[in-house]
Amino acid sequence: MKSQTLRLVNQLLSGNQDSAWDIAEEALQKGASSLDIYESLLTPAMYYIGTLWEKNIVTVADEHVATTTCDYVLTRYGFYKEMTSESKKEYGKVMLFCLEEEQHFIGLKMVSLLFEEHGFDTRFLGADLPKEAAEVMAKDWQPDIVALSASISYHLDPLPQYINMLEDLNPKPITLVGGRLIATNHVASTILEKAKQMPSLNELNEWLLRYKKGMDIHVDA
């Protein structure tokens with residue numbers, strides 16, 4: 001593990017929000033892109049903390065402290081990009097949420113920030129959203145794209161119901177599905193035949209560039 005990532009792990013577990021941000025800012029000053037911050041710094045740190053929890057080296061409370069601290073870093077990074085970017089929200093609307101009982105939202109928040117950087121108007125609804133609530137919001141706001149996240153296998157059962165609900169909307173949005181299970185190919189293709197799989201932020205970034213091919217997208221990624 002890189003020393004920078006290990007330093008970040010320590011600050012996340014300690015709940016030192018400003019110190020954690022300083023590490024991200026240090027990376028930015030050295031030329032890191034948004035994808036570098038997400039994929040090479042924050043994600044490895046959080047995955048490592050998850051491994052420590054699985055080995056009973058840290059507690060659930062420790063993991064929650066790390067998650068809220070990482071959330072702070074992402075929020076501050078989003079504000080930083082908003083203040084330093086000239087990108088306009090003119091490429092469509094994106095609604096993002098985790099399935100009901102799914103609490104792991106950090107990866108999806110990175111997705112939301114990447115969409116914003118590409119010039120999309122986003123509504124990030126966070127963790128644990130019931131299908132009925134998602135349907136009401138989707139009918140009211142009519143997003144062009146809906147991004148779902150599933151990270152734990154026993155949360156997959158309702159996934160087809162969410163996808164079918166979105167398929168029945170008029171107008172019908174494009175449905176994207178990501179999360180750790182997608183990244184590790186633990187989801188049967190039949191479940192996702194009506195949705196697009198996004199195993200990583202790098203692949204999402206490439207898809208967005210193709211989706212808006214021919215348009216001028218200002219994005220530091």
# chains A, B, ... in the order shown; residues from 1 in each chain; ligands from 1
call {"tool": "select_by_dssp", "arguments": {"residues": "segment 12-213 of chain A", "states": "alpha helix (DSSP H)", "output": "ChimeraX atom specification"}}
result
/A:12-14,17-29,34-35,43-54,60-84,106-117,131-141,159-167,180-183,201-211
call {"tool": "closest_atom_pairs", "arguments": {"of": "segment 52-157 of chain A", "to": "segment 194-199 of chain A", "cutoff": "10 Å", "atoms": "only C-alpha atoms", "output": "Markdown table"}}
result
| residue | atom | partner | partner_atom | distance |
| --- | --- | --- | --- | --- |
| A:Val146 | CA | A:Ala195 | CA | 9.8 |
| A:Ala147 | CA | A:Met198 | CA | 9.3 |
| A:Leu148 | CA | A:Ala195 | CA | 9.8 |
| A:Ser149 | CA | A:Met198 | CA | 9.8 |
call {"tool": "write_last_selection", "arguments": {"atoms": "N, CA and C atoms", "output": "PDB file, in the first residue's frame"}}
result
ATOM      1  N   VAL A 146     -30.446   6.937 -14.365  1.00  0.00           N
ATOM      2  CA  VAL A 146     -30.574   6.543 -12.963  1.00  0.00           C
ATOM      3  C   VAL A 146     -29.438   5.581 -12.646  1.00  0.00           C
ATOM      4  N   ALA A 147     -28.688   5.876 -11.595  1.00  0.00           N
ATOM      5  CA  ALA A 147     -27.567   5.029 -11.180  1.00  0.00           C
ATOM      6  C   ALA A 147     -27.887   4.365  -9.845  1.00  0.00           C
ATOM      7  N   LEU A 148     -27.795   3.036  -9.807  1.00  0.00           N
ATOM      8  CA  LEU A 148     -28.081   2.243  -8.610  1.00  0.00           C
ATOM      9  C   LEU A 148     -26.793   1.608  -8.094  1.00  0.00           C
ATOM     10  N   SER A 149     -26.749   1.362  -6.791  1.00  0.00           N
ATOM     11  CA  SER A 149     -25.581   0.721  -6.205  1.00  0.00           C
ATOM     12  C   SER A 149     -25.994  -0.461  -5.344  1.00  0.00           C
TER      13      SER A 149
END
call {"tool": "residues_around", "arguments": {"residues": "Leu28 of chain A", "least_positions_apart": "6", "cutoff": "9 Å", "atoms": "only C-alpha atoms", "output": "ChimeraX atom specification"}}
result
/A:34,36-37
call {"tool": "write_last_selection", "arguments": {"atoms": "all heavy atoms", "output": "PDB file, in the first residue's frame"}}
result
ATOM      1  N   SER A  34      -9.488  13.914 -10.746  1.00  0.00           N
ATOM      2  CA  SER A  34     -10.599  13.407  -9.945  1.00  0.00           C
ATOM      3  C   SER A  34     -10.564  11.890  -9.858  1.00  0.00           C
ATOM      4  O   SER A  34     -10.749  11.314  -8.784  1.00  0.00           O
ATOM      5  CB  SER A  34     -11.931  13.857 -10.562  1.00  0.00           C
ATOM      6  OG  SER A  34     -12.075  15.252 -10.472  1.00  0.00           O
ATOM      7  N   ASP A  36      -7.993   9.998 -10.079  1.00  0.00           N
ATOM      8  CA  ASP A  36      -6.891   9.624  -9.191  1.00  0.00           C
ATOM      9  C   ASP A  36      -7.326   9.699  -7.726  1.00  0.00           C
ATOM     10  O   ASP A  36      -7.025   8.804  -6.922  1.00  0.00           O
ATOM     11  CB  ASP A  36      -5.694  10.557  -9.399  1.00  0.00           C
ATOM     12  CG  ASP A  36      -5.040  10.401 -10.752  1.00  0.00           C
ATOM     13  OD1 ASP A  36      -5.079   9.281 -11.297  1.00  0.00           O
ATOM     14  OD2 ASP A  36      -4.502  11.399 -11.276  1.00  0.00           O
ATOM     15  N   ILE A  37      -8.019  10.780  -7.374  1.00  0.00           N
ATOM     16  CA  ILE A  37      -8.490  10.954  -5.999  1.00  0.00           C
ATOM     17  C   ILE A  37      -9.446   9.835  -5.616  1.00  0.00           C
ATOM     18  O   ILE A  37      -9.343   9.251  -4.522  1.00  0.00           O
ATOM     19  CB  ILE A  37      -9.177  12.326  -5.827  1.00  0.00           C
ATOM     20  CG1 ILE A  37      -8.179  13.469  -6.041  1.00  0.00           C
ATOM     21  CG2 ILE A  37      -9.841  12.433  -4.450  1.00  0.00           C
ATOM     22  CD1 ILE A  37      -7.065  13.524  -5.025  1.00  0.00           C
TER      23      ILE A  37
END
call {"tool": "closest_atom_pairs", "arguments": {"of": "segment 155-214 of chain A", "to": "segment 129-145 of chain A", "cutoff": "9 Å", "atoms": "only C-alpha atoms", "output": "tab-separated table"}}
result
residue	atom	partner	partner_atom	distance
A:Pro158	CA	A:Lys131	CA	8.6
A:Gln161	CA	A:Lys131	CA	7.9
A:Tyr162	CA	A:Lys131	CA	6.1
A:Met165	CA	A:Glu135	CA	7.1
A:Leu166	CA	A:Glu135	CA	7.4
A:Leu169	CA	A:Lys139	CA	7.1
A:Asn170	CA	A:Lys139	CA	8.0
A:Pro171	CA	A:Gln142	CA	7.1
A:Lys172	CA	A:Asp144	CA	7.6
A:Pro173	CA	A:Asp144	CA	4.7
A:Ile174	CA	A:Ile145	CA	4.7
A:Thr175	CA	A:Ile145	CA	6.0
A:Leu176	CA	A:Ile145	CA	7.4
call {"tool": "write_last_selection", "arguments": {"atoms": "all heavy atoms", "output": "CSV table (one decimal), in the first residue's frame"}}
result
chain,number,residue,atom,x,y,z
A,158,PRO,N,-33.9,-7.6,-4.6
A,158,PRO,CA,-34.9,-6.6,-5.1
A,158,PRO,C,-34.4,-5.8,-6.3
A,158,PRO,O,-35.1,-5.1,-6.9
A,158,PRO,CB,-35.0,-5.6,-3.9
A,158,PRO,CG,-33.8,-5.7,-3.2
A,158,PRO,CD,-33.3,-7.1,-3.3
A,161,GLN,N,-36.5,-5.8,-9.4
A,161,GLN,CA,-37.7,-5.0,-9.2
A,161,GLN,C,-37.5,-3.5,-9.5
A,161,GLN,O,-38.3,-2.8,-10.1
A,161,GLN,CB,-38.3,-5.2,-7.8
A,161,GLN,CG,-38.6,-6.7,-7.5
A,161,GLN,CD,-38.9,-6.9,-6.0
A,161,GLN,OE1,-39.4,-6.0,-5.4
A,161,GLN,NE2,-38.7,-8.1,-5.5
A,162,TYR,N,-36.4,-3.0,-9.0
A,162,TYR,CA,-36.0,-1.6,-9.2
A,162,TYR,C,-35.8,-1.4,-10.7
A,162,TYR,O,-36.3,-0.4,-11.3
A,162,TYR,CB,-34.7,-1.3,-8.5
A,162,TYR,CG,-34.8,-1.0,-7.0
A,162,TYR,CD1,-34.9,-2.0,-6.1
A,162,TYR,CD2,-34.9,0.3,-6.5
A,162,TYR,CE1,-35.0,-1.8,-4.7
A,162,TYR,CE2,-35.0,0.6,-5.2
A,162,TYR,CZ,-35.0,-0.5,-4.3
A,162,TYR,OH,-35.1,-0.2,-2.9
A,165,MET,N,-39.1,-1.4,-12.6
A,165,MET,CA,-39.8,-0.2,-12.3
A,165,MET,C,-39.3,0.9,-13.2
A,165,MET,O,-40.1,1.7,-13.7
A,165,MET,CB,-39.7,0.1,-10.8
A,165,MET,CG,-40.3,1.5,-10.4
A,165,MET,SD,-39.2,2.9,-10.5
A,165,MET,CE,-38.1,2.5,-9.2
A,166,LEU,N,-38.0,1.1,-13.3
A,166,LEU,CA,-37.5,2.1,-14.1
A,166,LEU,C,-37.7,1.9,-15.6
A,166,LEU,O,-38.0,2.9,-16.3
A,166,LEU,CB,-35.9,2.2,-13.9
A,166,LEU,CG,-35.5,2.6,-12.4
A,166,LEU,CD1,-34.1,2.4,-12.2
A,166,LEU,CD2,-35.9,4.1,-12.2
A,169,LEU,N,-41.1,3.4,-16.7
A,169,LEU,CA,-41.4,4.8,-16.7
A,169,LEU,C,-41.5,5.4,-18.1
A,169,LEU,O,-40.9,4.9,-19.0
A,169,LEU,CB,-40.2,5.5,-15.9
A,169,LEU,CG,-40.1,5.2,-14.4
A,169,LEU,CD1,-38.8,5.9,-13.9
A,169,LEU,CD2,-41.3,5.6,-13.6
A,170,ASN,N,-42.2,6.5,-18.2
A,170,ASN,CA,-42.3,7.2,-19.4
A,170,ASN,C,-42.1,8.7,-19.2
A,170,ASN,O,-43.0,9.3,-18.5
A,170,ASN,CB,-43.6,6.9,-20.1
A,170,ASN,CG,-43.7,7.6,-21.5
A,170,ASN,OD1,-42.7,7.9,-22.1
A,170,ASN,ND2,-44.9,7.7,-22.0
A,171,PRO,N,-41.0,9.3,-19.6
A,171,PRO,CA,-39.9,8.7,-20.4
A,171,PRO,C,-39.0,7.7,-19.6
A,171,PRO,O,-38.9,7.9,-18.4
A,171,PRO,CB,-39.1,9.9,-20.8
A,171,PRO,CG,-39.4,10.9,-19.8
A,171,PRO,CD,-40.8,10.7,-19.3
A,172,LYS,N,-38.4,6.8,-20.3
A,172,LYS,CA,-37.6,5.7,-19.6
A,172,LYS,C,-36.2,6.2,-19.5
A,172,LYS,O,-35.6,6.5,-20.6
A,172,LYS,CB,-37.7,4.4,-20.4
A,172,LYS,CG,-36.9,3.3,-19.9
A,172,LYS,CD,-37.2,2.0,-20.6
A,172,LYS,CE,-36.7,2.1,-22.0
A,172,LYS,NZ,-36.8,0.8,-22.7
A,173,PRO,N,-35.6,6.2,-18.3
A,173,PRO,CA,-34.2,6.6,-18.2
A,173,PRO,C,-33.3,5.5,-18.5
A,173,PRO,O,-33.7,4.3,-18.6
A,173,PRO,CB,-34.1,7.0,-16.7
A,173,PRO,CG,-35.1,6.0,-16.1
A,173,PRO,CD,-36.3,5.9,-17.0
A,174,ILE,N,-32.0,5.8,-18.8
A,174,ILE,CA,-31.0,4.8,-18.9
A,174,ILE,C,-30.7,4.3,-17.4
A,174,ILE,O,-30.5,5.2,-16.6
A,174,ILE,CB,-29.7,5.3,-19.5
A,174,ILE,CG1,-30.0,5.7,-21.0
A,174,ILE,CG2,-28.6,4.3,-19.5
A,174,ILE,CD1,-28.9,6.4,-21.7
A,175,THR,N,-30.6,3.0,-17.2
A,175,THR,CA,-30.3,2.5,-15.9
A,175,THR,C,-28.9,2.0,-15.8
A,175,THR,O,-28.5,1.2,-16.6
A,175,THR,CB,-31.3,1.4,-15.5
A,175,THR,OG1,-32.6,1.9,-15.5
A,175,THR,CG2,-30.9,0.9,-14.1
A,176,LEU,N,-28.1,2.5,-14.9
A,176,LEU,CA,-26.7,2.1,-14.6
A,176,LEU,C,-26.7,1.4,-13.3
A,176,LEU,O,-27.3,1.8,-12.3
A,176,LEU,CB,-25.7,3.2,-14.6
A,176,LEU,CG,-25.8,4.2,-15.8
A,176,LEU,CD1,-24.7,5.3,-15.7
A,176,LEU,CD2,-25.5,3.4,-17.1
call {"tool": "residues_around", "arguments": {"residues": "Leu12 of chain A", "least_positions_apart": "2", "cutoff": "9 Å", "atoms": "only C-alpha atoms", "output": "PDB file with N, CA and C atoms, in the first residue's frame"}}
result
ATOM      1  N   ARG A   7      -1.397   6.790   5.227  1.00  0.00           N
ATOM      2  CA  ARG A   7      -1.604   8.005   6.014  1.00  0.00           C
ATOM      3  C   ARG A   7      -3.087   8.372   6.043  1.00  0.00           C
ATOM      4  N   LEU A   8      -3.729   8.236   4.889  1.00  0.00           N
ATOM      5  CA  LEU A   8      -5.152   8.561   4.820  1.00  0.00           C
ATOM      6  C   LEU A   8      -5.971   7.597   5.676  1.00  0.00           C
ATOM      7  N   VAL A   9      -5.635   6.314   5.640  1.00  0.00           N
ATOM      8  CA  VAL A   9      -6.328   5.324   6.470  1.00  0.00           C
ATOM      9  C   VAL A   9      -6.284   5.747   7.936  1.00  0.00           C
ATOM     10  N   ASN A  10      -5.131   6.150   8.379  1.00  0.00           N
ATOM     11  CA  ASN A  10      -4.972   6.547   9.785  1.00  0.00           C
ATOM     12  C   ASN A  10      -5.842   7.760  10.125  1.00  0.00           C
ATOM     13  N   SER A  14      -9.186   7.889  12.570  1.00  0.00           N
ATOM     14  CA  SER A  14      -9.115   8.810  13.705  1.00  0.00           C
ATOM     15  C   SER A  14     -10.189   9.885  13.644  1.00  0.00           C
ATOM     16  N   GLY A  15     -10.883   9.957  12.517  1.00  0.00           N
ATOM     17  CA  GLY A  15     -11.920  10.981  12.364  1.00  0.00           C
ATOM     18  C   GLY A  15     -11.357  12.383  12.197  1.00  0.00           C
ATOM     19  N   ASN A  16     -10.115  12.484  11.750  1.00  0.00           N
ATOM     20  CA  ASN A  16      -9.487  13.788  11.562  1.00  0.00           C
ATOM     21  C   ASN A  16      -9.846  14.340  10.179  1.00  0.00           C
ATOM     22  N   GLN A  17     -10.957  15.043  10.104  1.00  0.00           N
ATOM     23  CA  GLN A  17     -11.488  15.475   8.815  1.00  0.00           C
ATOM     24  C   GLN A  17     -10.535  16.408   8.078  1.00  0.00           C
ATOM     25  N   SER A  19      -7.316  16.854   8.462  1.00  0.00           N
ATOM     26  CA  SER A  19      -6.071  16.178   8.092  1.00  0.00           C
ATOM     27  C   SER A  19      -6.291  15.242   6.907  1.00  0.00           C
ATOM     28  N   ALA A  20      -7.434  14.581   6.874  1.00  0.00           N
ATOM     29  CA  ALA A  20      -7.760  13.721   5.734  1.00  0.00           C
ATOM     30  C   ALA A  20      -7.878  14.553   4.461  1.00  0.00           C
ATOM     31  N   ALA A  45      -8.163   3.220   0.335  1.00  0.00           N
ATOM     32  CA  ALA A  45      -8.165   3.435   1.786  1.00  0.00           C
ATOM     33  C   ALA A  45      -9.404   2.830   2.428  1.00  0.00           C
ATOM     34  N   MET A  46     -10.570   3.058   1.816  1.00  0.00           N
ATOM     35  CA  MET A  46     -11.806   2.526   2.388  1.00  0.00           C
ATOM     36  C   MET A  46     -11.876   1.007   2.256  1.00  0.00           C
ATOM     37  N   ILE A  49      -9.770  -0.404   5.032  1.00  0.00           N
ATOM     38  CA  ILE A  49     -10.473  -0.309   6.318  1.00  0.00           C
ATOM     39  C   ILE A  49     -11.540  -1.402   6.409  1.00  0.00           C
ATOM     40  N   ASP A  62     -15.510   2.123  14.437  1.00  0.00           N
ATOM     41  CA  ASP A  62     -14.338   2.669  13.739  1.00  0.00           C
ATOM     42  C   ASP A  62     -14.634   2.851  12.247  1.00  0.00           C
ATOM     43  N   GLU A  63     -15.276   1.849  11.657  1.00  0.00           N
ATOM     44  CA  GLU A  63     -15.600   1.917  10.229  1.00  0.00           C
ATOM     45  C   GLU A  63     -16.575   3.060   9.949  1.00  0.00           C
ATOM     46  N   VAL A  65     -16.833   5.853  11.685  1.00  0.00           N
ATOM     47  CA  VAL A  65     -16.053   7.092  11.780  1.00  0.00           C
ATOM     48  C   VAL A  65     -15.305   7.333  10.472  1.00  0.00           C
ATOM     49  N   ALA A  66     -14.688   6.284   9.931  1.00  0.00           N
ATOM     50  CA  ALA A  66     -13.953   6.411   8.674  1.00  0.00           C
ATOM     51  C   ALA A  66     -14.889   6.816   7.534  1.00  0.00           C
ATOM     52  N   THR A  67     -16.081   6.236   7.514  1.00  0.00           N
ATOM     53  CA  THR A  67     -17.028   6.541   6.449  1.00  0.00           C
ATOM     54  C   THR A  67     -17.476   7.993   6.504  1.00  0.00           C
ATOM     55  N   THR A  68     -17.816   8.480   7.687  1.00  0.00           N
ATOM     56  CA  THR A  68     -18.267   9.869   7.796  1.00  0.00           C
ATOM     57  C   THR A  68     -17.127  10.839   7.478  1.00  0.00           C
ATOM     58  N   THR A  69     -15.902  10.461   7.818  1.00  0.00           N
ATOM     59  CA  THR A  69     -14.751  11.316   7.507  1.00  0.00           C
ATOM     60  C   THR A  69     -14.493  11.333   6.002  1.00  0.00           C
ATOM     61  N   CYS A  70     -14.593  10.179   5.365  1.00  0.00           N
ATOM     62  CA  CYS A  70     -14.441  10.110   3.912  1.00  0.00           C
ATOM     63  C   CYS A  70     -15.550  10.906   3.222  1.00  0.00           C
TER      64      CYS A  70
END
call {"tool": "select_by_dssp", "arguments": {"residues": "segment 35-206 of chain A", "states": "strand (DSSP E or B)", "output": "MDAnalysis selection string"}}
result
chainID A and resid 93:99 121:124 129 145:149 174:178 196:197
call {"tool": "residues_around", "arguments": {"residues": "Glu102 of chain A", "least_positions_apart": "4", "cutoff": "7 Å", "atoms": "only C-alpha atoms", "output": "PyMOL selection string"}}
result
chain A and resi 98+127-128+150+155
call {"tool": "atom_distance", "arguments": {"atom1": "atom CA of Trp21 of chain A", "atom2": "atom CA of Glu203 of chain A"}}
result
25.7 Å
call {"tool": "atom_distance", "arguments": {"atom1": "atom CA of Glu100 of chain A", "atom2": "atom CA of Tyr154 of chain A"}}
result
11.0 Å
call {"tool": "residues_around", "arguments": {"residues": "Tyr38 of chain A", "least_positions_apart": "4", "cutoff": "9 Å", "atoms": "only C-alpha atoms", "output": "list in words"}}
result
Ser33, Ser34, Leu42, Thr43, Pro44, Leu74, Gly107, Met110 and Leu201 of chain A
call {"tool": "atom_distance", "arguments": {"atom1": "atom CA of Arg180 of chain A", "atom2": "atom CA of Ser153 of chain A"}}
result
9.6 Å
call {"tool": "closest_residue", "arguments": {"among": "A:Leu99, A:Ile106, A:Leu204, A:Val73", "to": "Leu159 of chain A", "atoms": "only C-alpha atoms"}}
result
A:Leu99
call {"tool": "decode", "arguments": {"residues": "segment 40-57 of chain A", "atoms": "N, CA and C atoms", "output": "CSV table (one decimal), in the first residue's frame"}}
result
chain,number,residue,atom,x,y,z
A,40,SER,N,-7.5,5.9,-6.8
A,40,SER,CA,-6.2,5.6,-6.3
A,40,SER,C,-5.9,6.0,-4.9
A,41,LEU,N,-6.8,6.8,-4.3
A,41,LEU,CA,-6.6,7.3,-3.0
A,41,LEU,C,-7.7,6.9,-2.0
A,42,LEU,N,-8.9,7.4,-2.3
A,42,LEU,CA,-10.0,7.2,-1.3
A,42,LEU,C,-10.5,5.7,-1.3
A,43,THR,N,-10.7,5.2,-2.5
A,43,THR,CA,-11.2,3.8,-2.6
A,43,THR,C,-10.3,2.8,-2.0
A,44,PRO,N,-9.0,2.8,-2.3
A,44,PRO,CA,-8.1,1.8,-1.7
A,44,PRO,C,-8.1,2.0,-0.1
A,45,ALA,N,-8.2,3.2,0.3
A,45,ALA,CA,-8.2,3.4,1.8
A,45,ALA,C,-9.4,2.8,2.4
A,46,MET,N,-10.6,3.1,1.8
A,46,MET,CA,-11.8,2.5,2.4
A,46,MET,C,-11.9,1.0,2.3
A,47,TYR,N,-11.4,0.5,1.2
A,47,TYR,CA,-11.3,-1.0,1.0
A,47,TYR,C,-10.4,-1.6,2.1
A,48,TYR,N,-9.3,-1.0,2.4
A,48,TYR,CA,-8.4,-1.5,3.4
A,48,TYR,C,-9.1,-1.5,4.7
A,49,ILE,N,-9.8,-0.4,5.0
A,49,ILE,CA,-10.5,-0.3,6.3
A,49,ILE,C,-11.5,-1.4,6.4
A,50,GLY,N,-12.2,-1.7,5.3
A,50,GLY,CA,-13.2,-2.8,5.3
A,50,GLY,C,-12.5,-4.1,5.6
A,51,THR,N,-11.3,-4.3,5.0
A,51,THR,CA,-10.6,-5.5,5.3
A,51,THR,C,-10.2,-5.6,6.8
A,52,LEU,N,-9.8,-4.5,7.4
A,52,LEU,CA,-9.5,-4.5,8.8
A,52,LEU,C,-10.7,-4.9,9.6
A,53,TRP,N,-11.9,-4.4,9.2
A,53,TRP,CA,-13.1,-4.7,10.0
A,53,TRP,C,-13.4,-6.2,9.8
A,54,GLU,N,-13.2,-6.8,8.6
A,54,GLU,CA,-13.5,-8.2,8.4
A,54,GLU,C,-12.6,-9.1,9.3
A,55,LYS,N,-11.4,-8.6,9.6
A,55,LYS,CA,-10.4,-9.3,10.4
A,55,LYS,C,-10.5,-9.0,11.9
A,56,ASN,N,-11.6,-8.2,12.2
A,56,ASN,CA,-11.8,-7.8,13.6
A,56,ASN,C,-10.7,-6.9,14.2
A,57,ILE,N,-10.0,-6.2,13.3
A,57,ILE,CA,-8.9,-5.4,13.8
A,57,ILE,C,-9.4,-4.0,14.2
